[in-house]
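Chemist: Here you go, upload.pdb (PDB, C-alpha atoms and all ligand atoms):
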```
ATOM      1  CA  MET N   8     106.163 100.429 101.084  1.00  0.00           C
ATOM      2  CA  ASN N   9     104.329  97.815  99.141  1.00  0.00           C
ATOM      3  CA  PRO N  10     103.804  99.038  95.603  1.00  0.00           C
ATOM      4  CA  ALA N  11     100.999  96.555  94.957  1.00  0.00           C
ATOM      5  CA  SER N  12      97.506  96.896  96.402  1.00  0.00           C
ATOM      6  CA  ASN N  13      98.072  94.322  99.124  1.00  0.00           C
ATOM      7  CA  LEU N  14     100.912  92.256 100.520  1.00  0.00           C
ATOM      8  CA  ILE N  15      99.808  88.627 100.615  1.00  0.00           C
ATOM      9  CA  LEU N  16     101.534  85.782 102.462  1.00  0.00           C
ATOM     10  CA  VAL N  17     101.120  82.221 101.213  1.00  0.00           C
ATOM     11  CA  GLY N  18     102.853  79.032 102.299  1.00  0.00           C
ATOM     12  CA  PRO N  19     102.413  75.872 104.300  1.00  0.00           C
ATOM     13  CA  MET N  20     100.975  75.493 107.804  1.00  0.00           C
ATOM     14  CA  GLY N  21     103.445  76.708 110.399  1.00  0.00           C
ATOM     15  CA  ALA N  22     105.500  78.761 107.944  1.00  0.00           C
ATOM     16  CA  GLY N  23     104.625  81.852 109.990  1.00  0.00           C
ATOM     17  CA  LYS N  24     102.104  83.582 107.720  1.00  0.00           C
ATOM     18  CA  THR N  25     100.061  84.727 110.705  1.00  0.00           C
ATOM     19  CA  SER N  26     102.896  85.559 113.110  1.00  0.00           C
ATOM     20  CA  VAL N  27     105.499  86.919 110.673  1.00  0.00           C
ATOM     21  CA  GLY N  28     102.618  88.724 108.938  1.00  0.00           C
ATOM     22  CA  ARG N  29     101.664  90.474 112.173  1.00  0.00           C
ATOM     23  CA  HIS N  30     105.217  91.772 112.747  1.00  0.00           C
ATOM     24  CA  LEU N  31     105.612  92.719 109.087  1.00  0.00           C
ATOM     25  CA  ALA N  32     102.352  94.669 109.108  1.00  0.00           C
ATOM     26  CA  GLY N  33     103.624  96.579 112.146  1.00  0.00           C
ATOM     27  CA  LEU N  34     106.842  97.437 110.338  1.00  0.00           C
ATOM     28  CA  LEU N  35     104.992  98.568 107.211  1.00  0.00           C
ATOM     29  CA  GLY N  36     102.312 100.455 109.149  1.00  0.00           C
ATOM     30  CA  LEU N  37      99.558  98.405 107.538  1.00  0.00           C
ATOM     31  CA  PRO N  38      96.755  96.351 109.082  1.00  0.00           C
ATOM     32  CA  LEU N  39      97.268  92.575 109.325  1.00  0.00           C
ATOM     33  CA  VAL N  40      94.222  90.610 108.279  1.00  0.00           C
ATOM     34  CA  ASP N  41      94.258  86.849 108.742  1.00  0.00           C
ATOM     35  CA  ALA N  42      91.811  85.074 106.435  1.00  0.00           C
ATOM     36  CA  ASP N  43      91.262  82.165 108.853  1.00  0.00           C
ATOM     37  CA  HIS N  44      90.499  84.521 111.739  1.00  0.00           C
ATOM     38  CA  GLU N  45      88.024  86.424 109.562  1.00  0.00           C
ATOM     39  CA  ILE N  46      86.317  83.164 108.553  1.00  0.00           C
ATOM     40  CA  GLU N  47      86.092  82.158 112.224  1.00  0.00           C
ATOM     41  CA  ARG N  48      84.652  85.542 113.203  1.00  0.00           C
ATOM     42  CA  ASP N  49      82.141  85.466 110.378  1.00  0.00           C
ATOM     43  CA  ALA N  50      81.028  81.892 111.118  1.00  0.00           C
ATOM     44  CA  GLY N  51      81.152  82.135 114.912  1.00  0.00           C
ATOM     45  CA  ALA N  52      83.058  78.848 114.836  1.00  0.00           C
ATOM     46  CA  THR N  53      86.657  77.683 114.711  1.00  0.00           C
ATOM     47  CA  VAL N  54      88.316  76.279 111.603  1.00  0.00           C
ATOM     48  CA  ALA N  55      88.307  72.856 113.286  1.00  0.00           C
ATOM     49  CA  GLN N  56      84.572  73.102 114.009  1.00  0.00           C
ATOM     50  CA  LEU N  57      83.884  74.146 110.414  1.00  0.00           C
ATOM     51  CA  PHE N  58      85.820  71.158 109.055  1.00  0.00           C
ATOM     52  CA  GLU N  59      83.824  68.898 111.376  1.00  0.00           C
ATOM     53  CA  ARG N  60      80.409  70.383 110.546  1.00  0.00           C
ATOM     54  CA  GLU N  61      80.798  71.201 106.859  1.00  0.00           C
ATOM     55  CA  GLY N  62      83.733  69.111 105.717  1.00  0.00           C
ATOM     56  CA  GLU N  63      86.812  70.495 104.023  1.00  0.00           C
ATOM     57  CA  ALA N  64      84.641  71.471 101.022  1.00  0.00           C
ATOM     58  CA  GLY N  65      82.487  73.702 103.245  1.00  0.00           C
ATOM     59  CA  PHE N  66      85.547  75.368 104.706  1.00  0.00           C
ATOM     60  CA  ARG N  67      87.050  75.916 101.219  1.00  0.00           C
ATOM     61  CA  ALA N  68      83.828  77.583 100.034  1.00  0.00           C
ATOM     62  CA  ARG N  69      83.997  79.958 103.007  1.00  0.00           C
ATOM     63  CA  GLU N  70      87.690  80.577 102.311  1.00  0.00           C
ATOM     64  CA  ARG N  71      86.962  81.443  98.667  1.00  0.00           C
ATOM     65  CA  ALA N  72      84.209  83.867  99.625  1.00  0.00           C
ATOM     66  CA  MET N  73      86.336  85.463 102.353  1.00  0.00           C
ATOM     67  CA  LEU N  74      89.343  85.988 100.077  1.00  0.00           C
ATOM     68  CA  ALA N  75      87.105  87.579  97.456  1.00  0.00           C
ATOM     69  CA  ALA N  76      85.635  89.920 100.074  1.00  0.00           C
ATOM     70  CA  LEU N  77      88.966  90.834 101.686  1.00  0.00           C
ATOM     71  CA  LEU N  78      90.712  91.425  98.379  1.00  0.00           C
ATOM     72  CA  ARG N  79      88.182  94.086  97.425  1.00  0.00           C
ATOM     73  CA  ARG N  80      90.178  96.138  99.939  1.00  0.00           C
ATOM     74  CA  ASP N  81      93.597  97.742  99.439  1.00  0.00           C
ATOM     75  CA  GLY N  82      96.523  98.273 101.768  1.00  0.00           C
ATOM     76  CA  LEU N  83      96.354  95.013 103.718  1.00  0.00           C
ATOM     77  CA  VAL N  84      98.949  92.568 104.825  1.00  0.00           C
ATOM     78  CA  LEU N  85      96.912  89.413 104.255  1.00  0.00           C
ATOM     79  CA  ALA N  86      97.868  86.135 105.931  1.00  0.00           C
ATOM     80  CA  THR N  87      96.158  83.339 104.013  1.00  0.00           C
ATOM     81  CA  GLY N  88      95.523  79.741 105.055  1.00  0.00           C
ATOM     82  CA  GLY N  89      97.943  77.189 103.629  1.00  0.00           C
ATOM     83  CA  GLY N  90      95.350  75.518 101.395  1.00  0.00           C
ATOM     84  CA  CYS N  91      93.946  78.590  99.657  1.00  0.00           C
ATOM     85  CA  VAL N  92      96.167  78.047  96.600  1.00  0.00           C
ATOM     86  CA  LEU N  93      94.383  74.781  95.765  1.00  0.00           C
ATOM     87  CA  ASP N  94      91.678  76.810  94.033  1.00  0.00           C
ATOM     88  CA  ALA N  95      92.591  78.211  90.602  1.00  0.00           C
ATOM     89  CA  GLY N  96      90.245  81.167  91.061  1.00  0.00           C
ATOM     90  CA  ASN N  97      91.935  82.039  94.352  1.00  0.00           C
ATOM     91  CA  ARG N  98      95.339  81.839  92.696  1.00  0.00           C
ATOM     92  CA  ALA N  99      94.279  84.246  89.953  1.00  0.00           C
ATOM     93  CA  LEU N 100      92.798  86.641  92.510  1.00  0.00           C
ATOM     94  CA  LEU N 101      95.903  86.624  94.720  1.00  0.00           C
ATOM     95  CA  ARG N 102      98.081  87.484  91.746  1.00  0.00           C
ATOM     96  CA  GLN N 103      95.773  90.249  90.568  1.00  0.00           C
ATOM     97  CA  ARG N 104      95.232  91.864  93.927  1.00  0.00           C
ATOM     98  CA  GLY N 105      98.589  91.844  95.617  1.00  0.00           C
ATOM     99  CA  PHE N 106     102.278  91.272  95.826  1.00  0.00           C
ATOM    100  CA  VAL N 107     102.530  87.633  96.900  1.00  0.00           C
ATOM    101  CA  VAL N 108     105.249  86.326  99.214  1.00  0.00           C
ATOM    102  CA  HIS N 109     105.767  82.589  99.515  1.00  0.00           C
ATOM    103  CA  LEU N 110     106.901  81.978 103.071  1.00  0.00           C
ATOM    104  CA  GLN N 111     108.785  78.699 103.083  1.00  0.00           C
ATOM    105  CA  ALA N 112     109.312  76.174 105.865  1.00  0.00           C
ATOM    106  CA  GLU N 113     110.872  72.730 106.022  1.00  0.00           C
ATOM    107  CA  VAL N 114     108.697  69.865 107.214  1.00  0.00           C
ATOM    108  CA  ASP N 115     110.966  69.443 110.268  1.00  0.00           C
ATOM    109  CA  GLN N 116     110.360  73.076 111.229  1.00  0.00           C
ATOM    110  CA  GLN N 117     106.614  72.692 110.724  1.00  0.00           C
ATOM    111  CA  LEU N 118     106.564  69.596 112.937  1.00  0.00           C
ATOM    112  CA  ARG N 119     108.460  71.386 115.706  1.00  0.00           C
ATOM    113  CA  ARG N 120     106.404  74.556 115.583  1.00  0.00           C
ATOM    114  CA  LEU N 121     103.064  72.775 115.412  1.00  0.00           C
ATOM    115  CA  ALA N 122     103.870  69.999 117.886  1.00  0.00           C
ATOM    116  CA  GLY N 123     101.347  71.207 120.463  1.00  0.00           C
ATOM    117  CA  ASP N 124      98.813  72.546 117.973  1.00  0.00           C
ATOM    118  CA  ARG N 125      95.266  71.161 118.024  1.00  0.00           C
ATOM    119  CA  SER N 126      93.663  73.827 115.828  1.00  0.00           C
ATOM    120  CA  ARG N 127      94.632  72.497 112.396  1.00  0.00           C
ATOM    121  CA  PRO N 128      92.229  69.716 111.400  1.00  0.00           C
ATOM    122  CA  LEU N 129      94.467  68.365 108.622  1.00  0.00           C
ATOM    123  CA  LEU N 130      97.053  67.556 111.308  1.00  0.00           C
ATOM    124  CA  ALA N 131      94.649  65.873 113.725  1.00  0.00           C
ATOM    125  CA  ARG N 132      96.160  62.444 113.047  1.00  0.00           C
ATOM    126  CA  PRO N 133      99.211  60.494 114.103  1.00  0.00           C
ATOM    127  CA  ASP N 134     101.129  60.528 110.780  1.00  0.00           C
ATOM    128  CA  ARG N 135     101.693  64.283 110.676  1.00  0.00           C
ATOM    129  CA  GLU N 136     105.044  64.084 108.952  1.00  0.00           C
ATOM    130  CA  ARG N 137     103.617  62.087 106.056  1.00  0.00           C
ATOM    131  CA  VAL N 138     100.676  64.478 105.730  1.00  0.00           C
ATOM    132  CA  LEU N 139     102.968  67.508 105.669  1.00  0.00           C
ATOM    133  CA  ARG N 140     105.233  65.906 103.046  1.00  0.00           C
ATOM    134  CA  GLU N 141     102.255  65.037 100.834  1.00  0.00           C
ATOM    135  CA  LEU N 142     100.825  68.532 101.201  1.00  0.00           C
ATOM    136  CA  ALA N 143     104.218  70.014 100.332  1.00  0.00           C
ATOM    137  CA  ASP N 144     104.471  67.838  97.196  1.00  0.00           C
ATOM    138  CA  ALA N 145     101.021  68.899  96.042  1.00  0.00           C
ATOM    139  CA  ARG N 146     101.155  72.547  96.999  1.00  0.00           C
ATOM    140  CA  THR N 147     104.725  73.811  96.612  1.00  0.00           C
ATOM    141  CA  PRO N 148     104.285  74.218  92.819  1.00  0.00           C
ATOM    142  CA  LEU N 149     101.092  76.187  93.479  1.00  0.00           C
ATOM    143  CA  TYR N 150     102.823  78.549  95.920  1.00  0.00           C
ATOM    144  CA  ALA N 151     105.577  79.008  93.334  1.00  0.00           C
ATOM    145  CA  GLU N 152     102.969  79.749  90.664  1.00  0.00           C
ATOM    146  CA  VAL N 153     101.496  82.692  92.569  1.00  0.00           C
ATOM    147  CA  ALA N 154     104.630  84.039  94.262  1.00  0.00           C
ATOM    148  CA  ASP N 155     106.327  87.325  93.357  1.00  0.00           C
ATOM    149  CA  LEU N 156     108.989  86.623  95.993  1.00  0.00           C
ATOM    150  CA  THR N 157     110.029  83.555  97.964  1.00  0.00           C
ATOM    151  CA  TYR N 158     111.378  83.919 101.472  1.00  0.00           C
ATOM    152  CA  ALA N 159     112.763  81.289 103.854  1.00  0.00           C
ATOM    153  CA  PRO N 160     113.346  82.585 107.408  1.00  0.00           C
ATOM    154  CA  GLY N 161     115.587  79.668 108.325  1.00  0.00           C
ATOM    155  CA  ASP N 162     116.224  79.763 112.063  1.00  0.00           C
ATOM    156  CA  LEU N 163     115.145  83.377 112.605  1.00  0.00           C
ATOM    157  CA  ASP N 164     112.237  83.905 114.962  1.00  0.00           C
ATOM    158  CA  ALA N 165     109.068  85.541 113.662  1.00  0.00           C
ATOM    159  CA  GLN N 166     110.098  89.080 114.580  1.00  0.00           C
ATOM    160  CA  ALA N 167     113.589  88.798 113.074  1.00  0.00           C
ATOM    161  CA  ALA N 168     112.102  87.119 110.011  1.00  0.00           C
ATOM    162  CA  ALA N 169     109.710  90.034 109.511  1.00  0.00           C
ATOM    163  CA  LEU N 170     112.606  92.505 109.699  1.00  0.00           C
ATOM    164  CA  GLN N 171     114.634  90.534 107.163  1.00  0.00           C
ATOM    165  CA  LEU N 172     111.611  90.082 104.897  1.00  0.00           C
ATOM    166  CA  ALA N 173     110.869  93.827 105.007  1.00  0.00           C
ATOM    167  CA  ALA N 174     114.473  94.484 103.915  1.00  0.00           C
ATOM    168  CA  ARG N 175     114.201  91.908 101.109  1.00  0.00           C
ATOM    169  CA  LEU N 176     110.977  93.515  99.911  1.00  0.00           C
ATOM    170  CA  ALA N 177     112.557  96.966  99.879  1.00  0.00           C
ATOM    171  CA  GLN N 178     115.517  95.583  97.884  1.00  0.00           C
ATOM    172  CA  HIS N 179     113.214  93.807  95.470  1.00  0.00           C
ATOM    173  CA  TRP N 180     111.068  96.850  94.845  1.00  0.00           C
ATOM    174  CA  GLN N 181     114.116  99.053  94.425  1.00  0.00           C
ATOM    175  CA  ARG N 182     115.598  96.625  91.888  1.00  0.00           C
ATOM    176  CA  THR N 183     112.374  96.370  89.940  1.00  0.00           C
ATOM    177  CA  GLY N 184     111.807 100.129  90.073  1.00  0.00           C
ATOM    178  CA  ALA N 185     108.584  99.673  91.988  1.00  0.00           C
ATOM    179  CA  ALA N 186     109.563 101.396  95.262  1.00  0.00           C
ATOM    180  CA  ALA N 187     106.980 103.914  96.405  1.00  0.00           C
TER     181      ALA N 187
HETATM  182  N1  LIG N 201     110.172  82.041 112.122  1.00  0.00           N
HETATM  183  C1  LIG N 201     109.642  81.379 113.165  1.00  0.00           C
HETATM  184  N2  LIG N 201     110.448  80.878 114.116  1.00  0.00           N
HETATM  185  C2  LIG N 201     109.929  80.204 115.151  1.00  0.00           C
HETATM  186  N3  LIG N 201     108.619  79.969 115.354  1.00  0.00           N
HETATM  187  C3  LIG N 201     107.768  80.455 114.451  1.00  0.00           C
HETATM  188  C4  LIG N 201     108.232  81.177 113.300  1.00  0.00           C
HETATM  189  N4  LIG N 201     107.175  81.520 112.559  1.00  0.00           N
HETATM  190  C5  LIG N 201     106.098  81.027 113.219  1.00  0.00           C
HETATM  191  N5  LIG N 201     106.448  80.402 114.348  1.00  0.00           N
HETATM  192  C6  LIG N 201     105.563  79.730 115.314  1.00  0.00           C
HETATM  193  O1  LIG N 201     104.961  78.641 114.636  1.00  0.00           O
HETATM  194  C7  LIG N 201     103.591  78.531 114.997  1.00  0.00           C
HETATM  195  C8  LIG N 201     102.739  78.645 113.742  1.00  0.00           C
HETATM  196  O2  LIG N 201     102.929  79.942 113.187  1.00  0.00           O
HETATM  197  P1  LIG N 201     101.785  80.666 112.364  1.00  0.00           P
HETATM  198  O3  LIG N 201     102.182  82.084 112.240  1.00  0.00           O
HETATM  199  O4  LIG N 201     100.437  80.368 112.934  1.00  0.00           O
HETATM  200  O5  LIG N 201     101.957  79.926 110.951  1.00  0.00           O
HETATM  201  P2  LIG N 201     100.951  79.852 109.728  1.00  0.00           P
HETATM  202  O6  LIG N 201      99.986  80.985 109.848  1.00  0.00           O
HETATM  203  O7  LIG N 201     101.836  79.968 108.521  1.00  0.00           O
HETATM  204  O8  LIG N 201     100.312  78.502 109.833  1.00  0.00           O
HETATM  205  C9  LIG N 201     103.306  79.631 116.013  1.00  0.00           C
HETATM  206  O9  LIG N 201     103.428  79.081 117.298  1.00  0.00           O
HETATM  207  C10 LIG N 201     104.419  80.643 115.760  1.00  0.00           C
HETATM  208  O10 LIG N 201     104.762  81.349 116.928  1.00  0.00           O
HETATM  209  O1  LIG N 202      96.958  74.075 104.888  1.00  0.00           O
HETATM  210  C1  LIG N 202      95.706  74.046 105.026  1.00  0.00           C
HETATM  211  O2  LIG N 202      94.954  73.441 104.233  1.00  0.00           O
HETATM  212  C2  LIG N 202      95.110  74.773 106.160  1.00  0.00           C
HETATM  213  C3  LIG N 202      95.873  75.717 106.815  1.00  0.00           C
HETATM  214  C4  LIG N 202      95.383  76.476 107.994  1.00  0.00           C
HETATM  215  O3  LIG N 202      95.969  77.776 108.014  1.00  0.00           O
HETATM  216  P1  LIG N 202      97.520  78.047 108.309  1.00  0.00           P
HETATM  217  O4  LIG N 202      98.266  77.802 107.026  1.00  0.00           O
HETATM  218  O5  LIG N 202      97.574  79.467 108.733  1.00  0.00           O
HETATM  219  O6  LIG N 202      97.951  77.098 109.373  1.00  0.00           O
HETATM  220  C5  LIG N 202      93.853  76.585 107.945  1.00  0.00           C
HETATM  221  O7  LIG N 202      93.460  77.408 106.861  1.00  0.00           O
HETATM  222  C6  LIG N 202      93.236  75.226 107.800  1.00  0.00           C
HETATM  223  O8  LIG N 202      93.559  74.473 108.953  1.00  0.00           O
HETATM  224  C7  LIG N 202      93.699  74.496 106.537  1.00  0.00           C
HETATM  225 MG    MG N 203      97.877  81.137 109.863  1.00  0.00          MG
END
```
Taking this structure as input, can you express it in the form of C-alpha cells?
Modeler:
Amino acid sequence: MNPASNLILVGPMGAGKTSVGRHLAGLLGLPLVDADHEIERDAGATVAQLFEREGEAGFRARERAMLAALLRRDGLVLATGGGCVLDAGNRALLRQRGFVVHLQAEVDQQLRRLAGDRSRPLLARPDRERVLRELADARTPLYAEVADLTYAPGDLDAQAAALQLAARLAQHWQRTGAAA
C-alpha cells in the first residue's frame, strides 16, 4: 500500500499517467482520478476546447484549482496532466500531498503512442517531435524535482508496466521502512 496520502503520477504526454494509473489503481484497490478528466467534467468542455476558448493560461488556472481541490482528498491514485509541474505552487502541493512517481517516456515512444491523437492541443501542429523535445528540456528537471521515484516502463504495455511499478513501489517502501 501507499504509505503517503496519495499516489501521484507525473510525466510527459503519452508516458501513460492515465492508462498505467488506471491499472495501478486497480492493483492497489484505490480510485484513479485523472485531473484532466475532472477539469473536463467540471467545465463541460474538452481540454482542447478550453485551450481554444481560454488560452493555455485559462487551462492552467483550472488545473491549479482542480489539483488543489483533489489533493484535499486522501487515498487517490492521481494522474496529472504533463504540464502541471510548471507551476511552483503545484509542485509544492504534489510533494506535500502524495508520493510522486515520475513516469518516463522517450520522445520516440511519445510520438508513436500519440500519432493518432487529436486531443492534446500542444501537439496540434506539424513539428510534434520538436515540441516534445523542447517540452522535455524544460520540464524533465521539474518532474525530477517533485519525484519520490522515477519509473521507465520501456517496452512494457500499460498493464505490465503497472504490475512492475507496483512491485517497485513495494520494494521502495520496504527499503525505506514505509510499508503499511
Ligand atoms: N506502457 C505503454 N505501452 C504502450 N502504450 C502505452 C503505454 N502507456 C500508455 N500507452 C498508450 O499511449 C497513449 C497515451 O497514454 P496516456 O495514458 O493517455 O498517457 P498520459 O496520460 O501520460 O498522457 C494511450 O493510447 C495509451 O494506451
Ligand atoms: O503536457 C501538457 O502541457 C498537457 C498534457 C495533457 O495531459 P497528459 O499529460 O495526460 O497528456 C493535458 O493536460 C494538456 O493537453 C496539456
Ligand atoms: Mg493523461
Chemist: Using all atoms listed in the file, what table do you get, as CSV, when you list each residue of chain N with an atom no more than 10 Å from ligand MG 203 (chain N), its nearest pair of atoms, and their distance in Å rounded to one decimal, rows by chain then rising number?
Modeler:
```
residue,atom,partner,partner_atom,distance
N:Leu16,CA,N:MG203,MG,9.5
N:Val17,CA,N:MG203,MG,9.3
N:Gly18,CA,N:MG203,MG,9.3
N:Pro19,CA,N:MG203,MG,8.9
N:Met20,CA,N:MG203,MG,6.8
N:Gly21,CA,N:MG203,MG,7.1
N:Ala22,CA,N:MG203,MG,8.2
N:Gly23,CA,N:MG203,MG,6.8
N:Lys24,CA,N:MG203,MG,5.3
N:Thr25,CA,N:MG203,MG,4.3
N:Ser26,CA,N:MG203,MG,7.4
N:Val27,CA,N:MG203,MG,9.6
N:Gly28,CA,N:MG203,MG,9.0
N:Asp41,CA,N:MG203,MG,6.9
N:Ala42,CA,N:MG203,MG,8.0
N:Asp43,CA,N:MG203,MG,6.8
N:His44,CA,N:MG203,MG,8.3
N:Ala86,CA,N:MG203,MG,6.4
N:Thr87,CA,N:MG203,MG,6.5
N:Gly88,CA,N:MG203,MG,5.5
N:Gly89,CA,N:MG203,MG,7.4
N:Arg127,CA,N:MG203,MG,9.6
```
Chemist: If I wrap all listed atoms of ligand LIG 201 (chain N) in a box with edges along x, y and z and add 4 Å on each side, what are its centre and edge lengths in Å to one decimal, as AutoDock Vina command-line options?
Modeler:
```
--center_x 105.2 --center_y 80.3 --center_z 112.9 --size_x 18.5 --size_y 11.6 --size_z 16.8
```
Chemist: I want to know what sits within 7 Å of stretch 66-83 of chain N, based on only C-alpha atoms, with residues of the same chain fewer than 4 positions away left out; could you give that as a list of chain:residue names?
Modeler: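 Using only C-alpha atoms, the neighbours found are N:Ser12, N:Asn13, N:Leu14, N:Leu37, N:Pro38, N:Leu39, N:Val40, N:Ala42, N:Ile46, N:Leu57, N:Phe58, N:Glu61, N:Gly62, N:Asn97, N:Arg104.
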Chemist: Atom CA of N:Val108 and atom CA of N:Gly123 are how many Å apart?
Modeler: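 Going from atom CA of N:Val108 over to atom CA of N:Gly123 covers 26.4 Å.
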Chemist: State, in Å with one decimal place, the distance from atom CA of N:Ala95 to atom CA of N:Glu45.
Modeler: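 Result for atom CA of N:Ala95 versus atom CA of N:Glu45: 21.2 Å, one decimal.
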Chemist: Since the input lacks atoms, please generate N, CA and C atoms for stretch 104-115 of chain N and provide them as an mmCIF file, keeping the file's coordinate frame.
Modeler:
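Here's the written file result_12.cif:
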```
data_model
loop_
_atom_site.group_PDB
_atom_site.id
_atom_site.type_symbol
_atom_site.label_atom_id
_atom_site.label_comp_id
_atom_site.auth_asym_id
_atom_site.auth_seq_id
_atom_site.Cartn_x
_atom_site.Cartn_y
_atom_site.Cartn_z
ATOM 1 N N ARG N 104 95.549 90.892 92.893
ATOM 2 C CA ARG N 104 95.232 91.864 93.927
ATOM 3 C C ARG N 104 96.341 92.103 94.949
ATOM 4 N N GLY N 105 97.535 91.573 94.653
ATOM 5 C CA GLY N 105 98.589 91.844 95.617
ATOM 6 C C GLY N 105 99.953 91.398 95.160
ATOM 7 N N PHE N 106 100.915 91.771 95.968
ATOM 8 C CA PHE N 106 102.278 91.272 95.826
ATOM 9 C C PHE N 106 102.345 90.056 96.739
ATOM 10 N N VAL N 107 102.667 88.895 96.154
ATOM 11 C CA VAL N 107 102.530 87.633 96.900
ATOM 12 C C VAL N 107 103.904 87.129 97.342
ATOM 13 N N VAL N 108 104.027 86.903 98.644
ATOM 14 C CA VAL N 108 105.249 86.326 99.214
ATOM 15 C C VAL N 108 104.976 84.882 99.612
ATOM 16 N N HIS N 109 105.809 83.997 99.097
ATOM 17 C CA HIS N 109 105.767 82.589 99.515
ATOM 18 C C HIS N 109 106.710 82.425 100.688
ATOM 19 N N LEU N 110 106.126 82.213 101.861
ATOM 20 C CA LEU N 110 106.901 81.978 103.071
ATOM 21 C C LEU N 110 107.166 80.481 103.156
ATOM 22 N N GLN N 111 108.443 80.124 103.124
ATOM 23 C CA GLN N 111 108.785 78.699 103.083
ATOM 24 C C GLN N 111 109.103 78.152 104.472
ATOM 25 N N ALA N 112 108.869 76.862 104.647
ATOM 26 C CA ALA N 112 109.312 76.174 105.865
ATOM 27 C C ALA N 112 109.589 74.723 105.516
ATOM 28 N N GLU N 113 110.580 74.158 106.177
ATOM 29 C CA GLU N 113 110.872 72.730 106.022
ATOM 30 C C GLU N 113 109.882 71.943 106.882
ATOM 31 N N VAL N 114 109.627 70.705 106.455
ATOM 32 C CA VAL N 114 108.697 69.865 107.214
ATOM 33 C C VAL N 114 109.159 69.710 108.675
ATOM 34 N N ASP N 115 110.456 69.578 108.886
ATOM 35 C CA ASP N 115 110.966 69.443 110.268
ATOM 36 C C ASP N 115 110.610 70.668 111.113
#
```
